[in-house]
$ cat start.cif   # mmCIF, C-alpha atoms
data_target
loop_
_atom_site.label_atom_id
_atom_site.label_comp_id
_atom_site.auth_asym_id
_atom_site.auth_seq_id
_atom_site.Cartn_x
_atom_site.Cartn_y
_atom_site.Cartn_z
CA MET A 30 -3.89 -20.05 8.77
CA PRO A 31 -0.33 -20.43 7.47
CA ALA A 32 2.60 -19.70 9.76
CA ASP A 33 3.64 -16.06 9.55
CA LYS A 34 7.05 -14.65 10.31
CA GLU A 35 7.02 -11.81 12.82
CA ASN A 36 9.57 -9.18 13.75
CA SER A 37 8.39 -7.31 16.82
CA THR A 38 10.17 -4.77 18.96
CA PRO A 39 8.69 -4.96 22.46
CA LYS A 40 10.62 -1.95 23.75
CA LEU A 41 8.50 0.36 21.62
CA GLY A 42 5.46 0.06 23.87
CA LYS A 43 4.07 -1.47 27.02
CA GLY A 44 2.26 -4.76 27.26
CA SER A 45 4.04 -6.73 24.53
CA LEU A 46 2.49 -10.12 23.95
CA LYS A 47 4.01 -13.45 23.18
CA PRO A 48 3.77 -14.33 19.49
CA THR A 49 0.51 -16.02 18.55
CA ALA A 50 0.67 -19.78 18.41
CA GLY A 51 1.74 -20.97 14.98
CA ARG A 52 3.68 -17.79 14.20
CA GLN A 53 7.42 -17.38 14.49
CA GLY A 54 8.50 -14.29 16.38
CA ARG A 55 10.25 -12.96 19.42
CA ALA A 56 8.98 -11.26 22.52
CA ASP A 57 10.77 -9.76 25.47
CA PRO A 58 9.27 -10.59 28.88
CA ASP A 59 10.27 -7.12 30.07
CA PRO A 60 8.80 -4.57 27.61
CA HIS A 61 10.63 -1.70 29.31
CA ARG A 62 14.09 -3.11 28.57
CA PRO A 63 15.63 -2.31 25.16
CA HIS A 64 15.71 -5.40 22.98
CA PRO A 65 19.31 -6.40 22.15
CA LEU A 66 18.65 -6.41 18.39
CA SER A 67 17.34 -2.86 18.53
CA ALA A 68 20.19 -1.82 20.78
CA VAL A 69 22.79 -3.05 18.29
CA LEU A 70 21.06 -1.21 15.47
CA GLN A 71 20.87 2.00 17.45
CA ALA A 72 24.59 1.79 18.27
CA LEU A 73 25.43 1.32 14.59
CA ARG A 74 23.08 4.11 13.54
CA GLY A 75 24.68 6.56 15.93
CA ALA A 76 28.30 5.69 15.18
CA ALA A 77 30.29 8.26 13.21
CA ALA A 78 32.84 5.60 12.22
CA PRO A 79 32.97 1.80 12.08
CA ILE A 80 32.59 0.29 15.54
CA SER A 81 34.30 -2.92 16.57
CA GLY A 82 32.51 -5.98 17.85
CA GLU A 83 34.46 -5.64 21.08
CA ALA A 84 33.27 -2.06 21.57
CA LEU A 85 29.68 -3.04 20.77
CA ALA A 86 29.83 -5.90 23.24
CA ALA A 87 31.17 -3.64 25.99
CA GLU A 88 28.63 -0.88 25.30
CA LEU A 89 25.64 -3.23 25.26
CA GLY A 90 26.72 -5.72 27.91
CA LEU A 91 26.79 -8.62 25.45
CA SER A 92 29.37 -11.20 24.47
CA ARG A 93 31.11 -10.76 21.13
CA GLY A 94 29.35 -13.92 19.96
CA ALA A 95 25.99 -12.42 20.85
CA VAL A 96 26.86 -9.25 18.92
CA TRP A 97 27.87 -11.33 15.90
CA LYS A 98 24.55 -13.20 15.98
CA ARG A 99 22.58 -9.98 16.15
CA ILE A 100 24.56 -8.44 13.31
CA ASN A 101 23.71 -11.46 11.17
CA ARG A 102 20.06 -11.21 12.17
CA LEU A 103 20.00 -7.55 11.06
CA LYS A 104 21.58 -8.54 7.76
CA ALA A 105 18.89 -11.20 7.30
CA LEU A 106 16.25 -8.48 7.78
CA GLY A 107 17.81 -6.55 4.92
CA TYR A 108 20.11 -4.06 6.66
CA GLY A 109 23.28 -3.36 4.74
CA ILE A 110 26.07 -3.81 7.29
CA GLU A 111 29.73 -3.85 6.36
CA GLY A 112 32.07 -5.67 8.71
CA SER A 113 35.76 -6.46 8.84
CA PRO A 114 38.02 -7.84 11.60
CA ARG A 115 40.19 -4.74 11.64
CA ARG A 116 37.72 -1.88 11.17
CA GLY A 117 34.54 -3.25 12.78
CA TYR A 118 30.94 -2.81 11.68
CA ARG A 119 29.28 0.02 9.75
CA LEU A 120 25.65 0.53 8.78
CA LEU A 121 25.41 1.27 5.05
CA ALA A 122 21.76 0.83 4.06
CA ILE A 123 18.26 0.59 5.52
CA PRO A 124 15.91 -2.00 3.95
CA ASP A 125 12.71 -0.98 2.19
CA LYS A 126 10.62 -2.64 4.86
CA LEU A 127 8.21 -1.51 7.55
CA LEU A 128 10.36 -2.81 10.38
CA PRO A 129 9.48 -1.79 13.95
CA GLU A 130 12.75 0.00 14.57
CA GLU A 131 12.41 2.07 11.40
CA ILE A 132 8.78 2.97 12.08
CA CYS A 133 9.63 4.40 15.49
CA GLN A 134 12.87 6.06 14.42
CA GLY A 135 12.10 9.78 14.46
CA LEU A 136 8.34 9.19 14.92
CA HIS A 137 6.76 12.22 16.60
CA THR A 138 3.83 10.69 18.45
CA ARG A 139 2.95 10.48 22.14
CA PHE A 140 1.05 7.19 22.36
CA LEU A 141 0.74 5.70 18.88
CA LYS A 142 4.11 3.98 19.17
CA GLY A 143 3.41 0.29 19.35
CA PRO A 144 4.17 -2.40 20.26
CA VAL A 145 4.79 -2.94 16.55
CA HIS A 146 4.23 -6.42 15.12
CA HIS A 147 5.84 -6.79 11.70
CA PHE A 148 5.32 -9.71 9.33
CA GLU A 149 6.79 -10.62 5.98
CA THR A 150 3.49 -12.29 5.10
CA LEU A 151 0.26 -12.30 7.07
CA ALA A 152 -3.26 -13.40 6.27
CA SER A 153 -4.83 -10.12 7.46
CA THR A 154 -3.43 -7.33 9.62
CA ASN A 155 -6.96 -6.49 10.82
CA ASP A 156 -7.64 -10.06 11.93
CA LEU A 157 -4.46 -10.22 13.99
CA ALA A 158 -5.00 -6.76 15.47
CA LYS A 159 -8.49 -7.82 16.59
CA GLU A 160 -7.02 -10.96 18.12
CA LEU A 161 -4.40 -8.93 19.97
CA GLY A 162 -7.10 -6.52 21.16
CA ALA A 163 -9.13 -9.39 22.61
CA ARG A 164 -6.01 -10.55 24.44
CA GLY A 165 -5.53 -7.17 26.12
CA ALA A 166 -2.97 -5.46 23.87
CA PRO A 167 -2.64 -1.74 24.64
CA GLN A 168 -3.92 1.17 22.61
CA GLY A 169 -1.38 2.07 19.95
CA THR A 170 -0.53 -1.54 19.07
CA LEU A 171 0.35 -1.67 15.38
CA VAL A 172 0.31 -4.64 13.01
CA VAL A 173 2.10 -4.25 9.67
CA ALA A 174 2.75 -6.73 6.88
CA GLU A 175 4.84 -6.62 3.74
CA ALA A 176 2.18 -8.79 2.04
CA GLN A 177 -1.24 -10.21 2.89
CA THR A 178 -2.75 -13.45 1.66
CA ARG A 179 -6.30 -12.66 2.77
CA GLY A 180 -6.40 -8.88 2.92
CA ARG A 181 -9.94 -7.51 2.79
CA GLY A 182 -11.93 -4.35 2.54
CA ARG A 183 -15.52 -3.50 3.37
CA LEU A 184 -18.22 -6.09 2.66
CA GLY A 185 -15.58 -8.82 2.89
CA ARG A 186 -14.04 -8.03 -0.48
CA HIS A 187 -10.50 -9.16 -1.23
CA TRP A 188 -7.78 -6.48 -1.07
CA ASP A 189 -4.90 -7.18 -3.44
CA SER A 190 -1.79 -7.05 -1.22
CA PRO A 191 1.41 -7.81 -3.19
CA ALA A 192 4.73 -7.89 -1.36
CA VAL A 193 6.68 -4.68 -0.69
CA ALA A 194 4.37 -2.59 -2.87
CA GLY A 195 1.56 -1.31 -0.69
CA LEU A 196 0.91 -0.26 2.86
CA TYR A 197 -1.02 -2.81 4.92
CA VAL A 198 -1.41 -1.72 8.50
CA SER A 199 -3.87 -2.02 11.38
CA LEU A 200 -3.95 0.16 14.49
CA LEU A 201 -5.56 -0.87 17.79
CA LEU A 202 -7.48 1.79 19.73
CA ARG A 203 -9.48 1.79 22.96
CA PRO A 204 -11.62 4.94 22.81
CA PRO A 205 -14.03 5.65 25.70
CA LEU A 206 -16.92 5.97 23.27
CA PRO A 207 -20.26 4.36 22.41
CA PRO A 208 -20.40 2.08 19.32
CA GLY A 209 -22.49 4.64 17.43
CA GLU A 210 -19.45 6.87 16.97
CA LEU A 211 -17.54 4.33 14.86
CA PRO A 212 -18.51 5.98 11.52
CA GLN A 213 -17.05 9.27 12.74
CA ILE A 214 -13.73 7.55 13.45
CA THR A 215 -13.70 6.19 9.88
CA LEU A 216 -14.14 9.72 8.50
CA THR A 217 -11.47 11.04 10.87
CA THR A 218 -9.08 8.35 9.65
CA ALA A 219 -9.69 9.34 6.03
CA VAL A 220 -8.80 12.97 6.77
CA ALA A 221 -5.58 11.81 8.43
CA VAL A 222 -4.70 9.77 5.33
CA VAL A 223 -5.25 12.72 3.01
CA ARG A 224 -3.15 14.97 5.24
CA ALA A 225 -0.37 12.39 5.39
CA LEU A 226 -0.31 11.83 1.62
CA ARG A 227 -0.26 15.54 0.86
CA ARG A 228 2.67 15.89 3.24
CA ALA A 229 4.65 12.80 2.19
CA THR A 230 3.90 12.65 -1.54
CA GLY A 231 2.42 15.97 -2.65
CA LEU A 232 -0.68 14.15 -3.94
CA THR A 233 -4.21 14.92 -2.72
CA PRO A 234 -6.58 11.97 -2.93
CA GLY A 235 -10.33 12.41 -2.89
CA ILE A 236 -12.54 10.59 -0.39
CA LYS A 237 -15.52 8.55 -1.51
CA TRP A 238 -17.92 8.11 1.40
CA PRO A 239 -17.25 6.51 3.70
CA ASN A 240 -13.87 4.89 3.35
CA ASP A 241 -12.37 4.86 -0.17
CA LEU A 242 -9.47 7.02 -1.37
CA LEU A 243 -9.31 7.94 -5.05
CA LEU A 244 -6.86 9.48 -7.49
CA ASN A 245 -8.05 10.45 -10.96
CA GLY A 246 -11.29 8.63 -10.27
CA ARG A 247 -9.58 5.32 -9.47
CA LYS A 248 -9.28 3.63 -6.11
CA MET A 249 -5.84 3.75 -4.49
CA GLY A 250 -6.73 3.06 -0.88
CA GLY A 251 -9.34 2.04 1.62
CA ILE A 252 -10.09 2.08 5.33
CA LEU A 253 -11.66 -0.76 7.31
CA THR A 254 -12.72 -0.05 10.91
CA GLU A 255 -13.92 -2.95 13.04
CA MET A 256 -14.84 -3.02 16.71
CA GLU A 257 -15.62 -5.20 19.69
CA SER A 258 -18.20 -3.57 21.92
CA GLU A 259 -20.63 -3.93 24.76
CA SER A 260 -24.09 -2.37 24.66
CA ASP A 261 -22.89 1.17 25.36
CA GLN A 262 -19.08 1.05 25.19
CA ILE A 263 -16.42 0.19 22.60
CA ARG A 264 -14.06 -2.35 24.13
CA HIS A 265 -11.53 -1.89 21.38
CA LEU A 266 -11.51 -1.06 17.70
CA VAL A 267 -9.13 -1.69 14.85
CA VAL A 268 -8.43 0.88 12.15
CA GLY A 269 -7.15 -0.90 9.07
CA LEU A 270 -5.51 0.99 6.22
CA GLY A 271 -4.59 -0.34 2.80
CA LEU A 272 -2.82 1.91 0.31
CA ASN A 273 -1.50 1.14 -3.17
CA VAL A 274 1.85 2.90 -2.97
CA ASN A 275 4.35 1.47 -5.44
CA ASN A 276 2.08 -1.04 -7.18
CA ILE A 277 2.68 -1.05 -10.92
CA ARG A 278 0.46 -4.00 -11.88
CA PHE A 279 -3.03 -5.05 -10.84
CA PRO A 280 -5.13 -8.17 -11.45
CA ALA A 281 -7.15 -8.04 -14.65
CA GLU A 282 -10.40 -7.34 -12.82
CA LEU A 283 -8.87 -4.22 -11.19
CA LYS A 284 -6.96 -2.67 -14.09
CA THR A 285 -9.66 -0.16 -14.97
CA THR A 286 -10.67 0.74 -11.41
CA ALA A 287 -7.45 0.71 -9.34
CA THR A 288 -4.35 2.87 -9.28
CA SER A 289 -1.38 3.63 -7.06
CA LEU A 290 0.57 6.65 -5.92
CA ALA A 291 3.52 5.60 -8.05
CA LEU A 292 1.42 5.18 -11.20
CA GLU A 293 -0.19 8.59 -10.79
CA ALA A 294 3.02 10.45 -9.97
CA GLY A 295 5.41 8.51 -12.19
CA ARG A 296 7.82 7.77 -9.35
CA PRO A 297 8.03 5.53 -6.27
CA PHE A 298 7.44 6.68 -2.71
CA SER A 299 8.65 5.64 0.73
CA ARG A 300 6.03 3.49 2.40
CA LEU A 301 7.78 4.10 5.70
CA GLU A 302 7.50 7.88 5.45
CA ILE A 303 3.82 7.62 4.50
CA LEU A 304 3.10 5.37 7.47
CA LYS A 305 4.89 7.64 9.92
CA ALA A 306 3.12 10.71 8.52
CA TRP A 307 -0.23 8.94 8.91
CA LEU A 308 0.45 7.96 12.52
CA GLU A 309 1.38 11.54 13.37
CA GLU A 310 -1.59 13.08 11.58
CA PHE A 311 -4.00 10.52 12.97
CA GLU A 312 -2.86 11.02 16.56
CA ASP A 313 -3.48 14.76 16.22
CA LEU A 314 -6.96 14.26 14.76
CA TYR A 315 -7.84 11.46 17.19
CA ASP A 316 -7.03 13.78 20.10
CA ARG A 317 -9.28 16.43 18.57
CA PHE A 318 -12.00 13.85 17.97
CA LEU A 319 -11.95 12.75 21.61
CA ALA A 320 -12.12 16.43 22.58
CA ARG A 321 -15.46 16.65 20.72
CA GLN A 322 -14.08 18.59 17.76
CA PHE A 323 -15.56 16.29 15.11
CA PRO A 324 -17.54 19.12 13.42
CA ALA A 325 -14.26 20.76 12.39
CA ILE A 326 -12.89 17.42 11.20
CA LEU A 327 -16.06 16.78 9.20
CA ALA A 328 -15.78 20.21 7.59
CA GLU A 329 -12.26 19.31 6.40
CA TRP A 330 -13.46 15.88 5.25
CA GLN A 331 -16.04 17.56 3.03
CA THR A 332 -13.36 19.59 1.23
CA TYR A 333 -11.84 16.30 0.01
CA ALA A 334 -15.14 14.54 -0.75
CA VAL A 335 -15.87 13.33 -4.28
CA THR A 336 -19.30 11.98 -3.34
CA LEU A 337 -21.14 15.13 -2.27
CA GLY A 338 -23.20 16.86 -4.93
CA GLN A 339 -23.07 13.76 -7.15
CA GLU A 340 -25.82 11.45 -8.32
CA VAL A 341 -25.19 8.18 -6.53
CA ARG A 342 -26.50 4.66 -6.17
CA VAL A 343 -26.30 3.06 -2.75
CA ARG A 344 -26.56 -0.70 -2.65
CA GLN A 345 -27.79 -2.26 0.58
CA GLY A 346 -28.11 -5.92 -0.26
CA ALA A 347 -31.10 -6.27 -2.57
CA VAL A 348 -32.16 -2.67 -1.93
CA GLU A 349 -30.81 0.21 -4.01
CA ILE A 350 -31.18 3.90 -3.16
CA CYS A 351 -30.71 6.38 -6.00
CA GLY A 352 -30.44 10.13 -5.71
CA LYS A 353 -28.16 13.06 -5.02
CA ALA A 354 -25.61 12.94 -2.19
CA LEU A 355 -26.29 16.12 -0.26
CA LYS A 356 -24.01 16.07 2.77
CA VAL A 357 -22.71 14.00 5.63
CA ALA A 358 -24.60 14.33 8.90
CA ALA A 359 -22.97 14.96 12.28
CA ASP A 360 -23.01 11.23 13.05
CA GLY A 361 -21.19 10.33 9.81
CA ALA A 362 -24.25 9.17 7.86
CA LEU A 363 -24.74 10.20 4.23
CA LEU A 364 -27.88 12.15 3.35
CA VAL A 365 -29.27 11.28 -0.10
CA GLN A 366 -32.16 13.09 -1.78
CA THR A 367 -34.10 10.64 -3.93
CA LEU A 368 -35.94 11.44 -7.16
CA THR A 369 -39.15 11.88 -5.17
CA GLY A 370 -37.54 14.57 -3.02
CA GLU A 371 -37.29 12.35 0.06
CA ILE A 372 -34.08 12.70 2.07
CA VAL A 373 -32.78 9.29 3.13
CA LYS A 374 -30.16 8.82 5.83
CA VAL A 375 -27.64 6.18 4.74
CA THR A 376 -25.48 4.62 7.46
CA SER A 377 -24.09 1.68 5.50
CA GLY A 378 -23.90 0.18 2.04
CA GLU A 379 -21.87 0.32 -1.14
CA ILE A 380 -21.96 3.68 -2.86
CA VAL A 381 -21.16 4.28 -6.53
CA PRO A 382 -20.63 7.98 -7.30
CA ALA A 383 -21.10 9.47 -10.74
CA PRO A 384 -17.84 10.78 -12.25
CA GLY A 385 -17.21 14.45 -11.81
CA PRO A 386 -14.67 17.08 -10.79
CA GLY A 387 -13.24 17.25 -7.32
CA PRO A 388 -10.22 16.29 -5.21
CA GLY A 389 -8.67 13.05 -6.34
CA ASN A 390 -9.49 13.56 -10.00
CA GLU A 391 -6.25 15.33 -10.75
CA ILE A 392 -2.69 15.42 -9.53
CA PRO A 393 -1.64 18.75 -8.06
CA SER A 394 1.24 20.48 -9.76
#
$ encode --input "start.cif" --output "structure tokens"
Amino acid sequence: MPADKENSTPKLGKGSLKPTAGRQGRADPDPHRPHPLSAVLQALRGAAAPISGEALAAELGLSRGAVWKRINRLKALGYGIEGSPRRGYRLLAIPDKLLPEEICQGLHTRFLKGPVHHFETLASTNDLAKELGARGAPQGTLVVAEAQTRGRGRLGRHWDSPAVAGLYVSLLLRPPLPPGELPQITLTTAVAVVRALRRATGLTPGIKWPNDLLLNGRKMGGILTEMESESDQIRHLVVGLGLNVNNIRFPAELKTTATSLALEAGRPFSRLEILKAWLEEFEDLYDRFLARQFPAILAEWQTYAVTLGQEVRVRQGAVEICGKALKVAADGALLVQTLTGEIVKVTSGEIVPAPGPGPGNEIPS
């Protein structure tokens, strides 16, 4: 695995880990203490006028040299900071990056707050999140990357992950649930994504069972949930989300099947605002899910479904099931009525829906 550059903000959650071997990063041994880099940024963000290096040093208990180093580090991350010997420092611009400080700025969640591990380039956010989970990282740990070199979806398929275009994020959870409830969490995640996109972009994607998000019949996102479990208990699970946000080009093999929010709406969107909206919506639905309110979540899921009522083909290796998608059962399985009238319960596989009307096949006005 190539070395990956990490920007983490340990103050955003408990239990921060040291960076994985082979990756460059920073970690604070005391996760309860504000990290100096974040503290400098917060001071600049809250200043009504330029603030001098001397004043920053006094406020934060740092030397002026330490302040200067942190200002330069923020500039290297893409923050627009103006500085002059007489007037001091002023924050002018926020970078278009999913940096830990920006994710948690104004984020209205109770426990989905990090630690946040940010990378310019990473092989796979899901792979690292699973690794962190095995090492004891707390629930709410978030892994985000500006680009992935080995991003993947279900069935091990490659997920095209160009830099600063899409949303590539993985969330670590530790639900007190049996492994059999994993499909329900996937459906719950999809509802949270639709809610977040309606709120942040005004677009309403359709959901193709169990984990694809479509606009105008083309795929613009996917969900990959993976878990580590014992016989009757999930140890931890990772919810991975990939969204094509501002992608304007796709590889030749995806041009007729993939799309992005920007292509459908004709304008770019803030990846940061979409991510924050998803974290807030997901926390609300996850709480409801743990409170045994999945039937209500499933009812909402069905209003966004593009699969139900359609003739489908479900591929399960060499086996193919053909018929009409009737509904999703209480455990998250898809019920398909075959040509012989038999109702088959499908818990896994690749489903290809027939084209038809429904959410995701048009952009709301």
$ closest_residue --input "start.cif" --among "A:Thr215, A:Leu196, A:Arg224, A:Glu130" --to "Glu310 in chain A" --atoms "only C-alpha atoms"
A:Arg224
$ atom_distance --input "start.cif" --atom1 "CA of Arg317 in chain A" --atom2 "CA of Glu329 in chain A"
12.9 Å
$ closest_residue --input "start.cif" --among "A:Arg179, A:Arg74, A:Arg296, A:Lys305" --to "Ala221 in chain A" --atoms "all atoms listed in the file"
A:Lys305
$ closest_residue --input "start.cif" --among "A:Thr288, A:Thr218, A:Thr178, A:Gln168" --to "Arg264 in chain A" --atoms "all atoms listed in the file"
A:Gln168
$ resolve_selection --input "start.cif" --expression "the PyMOL selection byres ((chain A and resi 212) around 10)" --output "PyMOL selection string"
chain A and resi 208-211+213-218+239-240+254+360-362+376-377
$ resolve_selection --input "start.cif" --expression "the PyMOL selection byres ((chain A and resi 129) around 6)" --output "ChimeraX atom specification"
/A:38,128,130-132,145
$ atom_distance --input "start.cif" --atom1 "CA of Leu151 in chain A" --atom2 "CA of Gly269 in chain A"
13.7 Å
$ atom_distance --input "start.cif" --atom1 "CA of Ala306 in chain A" --atom2 "CA of Ala229 in chain A"
6.8 Å
$ residues_around --input "start.cif" --residues "Thr285 in chain A" --least-positions-apart "5" --cutoff "10 Å" --atoms "all atoms listed in the file" --output "VMD selection string"
chain A and resid 247 to 248 279 to 280
$ residues_around --input "start.cif" --residues "Ile350 in chain A" --least-positions-apart "2" --cutoff "10 Å" --atoms "all atoms listed in the file" --output "list in words"
Val341, Arg342, Val343, Arg344, Gln345, Val348, Gly352, Lys353, Val365, Gln366, Thr367, Leu368, Val373, Val375, Gly378 and Ile380 of chain A
$ closest_residue --input "start.cif" --among "A:Leu270, A:Val193, A:Ala87, A:Glu302" --to "Leu136 in chain A" --atoms "all atoms listed in the file"
A:Glu302
$ residues_around --input "start.cif" --residues "Leu337 in chain A" --least-positions-apart "6" --cutoff "7 Å" --atoms "all atoms listed in the file" --output "number ranges by chain"
A: 354-356
$ resolve_selection --input "start.cif" --expression "the PyMOL selection byres ((chain A and resi 89-105) around 9)" --output "short mmCIF file (atom, residue, chain, number, x, y, z; two decimals) with C-alpha atoms, in the frame of the given file"
data_model
loop_
_atom_site.label_atom_id
_atom_site.label_comp_id
_atom_site.auth_asym_id
_atom_site.auth_seq_id
_atom_site.Cartn_x
_atom_site.Cartn_y
_atom_site.Cartn_z
CA PRO A 65 19.31 -6.40 22.15
CA LEU A 66 18.65 -6.41 18.39
CA ALA A 68 20.19 -1.82 20.78
CA VAL A 69 22.79 -3.05 18.29
CA LEU A 70 21.06 -1.21 15.47
CA ALA A 72 24.59 1.79 18.27
CA GLY A 82 32.51 -5.98 17.85
CA GLU A 83 34.46 -5.64 21.08
CA ALA A 84 33.27 -2.06 21.57
CA LEU A 85 29.68 -3.04 20.77
CA ALA A 86 29.83 -5.90 23.24
CA ALA A 87 31.17 -3.64 25.99
CA GLU A 88 28.63 -0.88 25.30
CA LEU A 106 16.25 -8.48 7.78
CA GLY A 107 17.81 -6.55 4.92
CA TYR A 108 20.11 -4.06 6.66
CA GLY A 109 23.28 -3.36 4.74
CA ILE A 110 26.07 -3.81 7.29
CA TYR A 118 30.94 -2.81 11.68
#
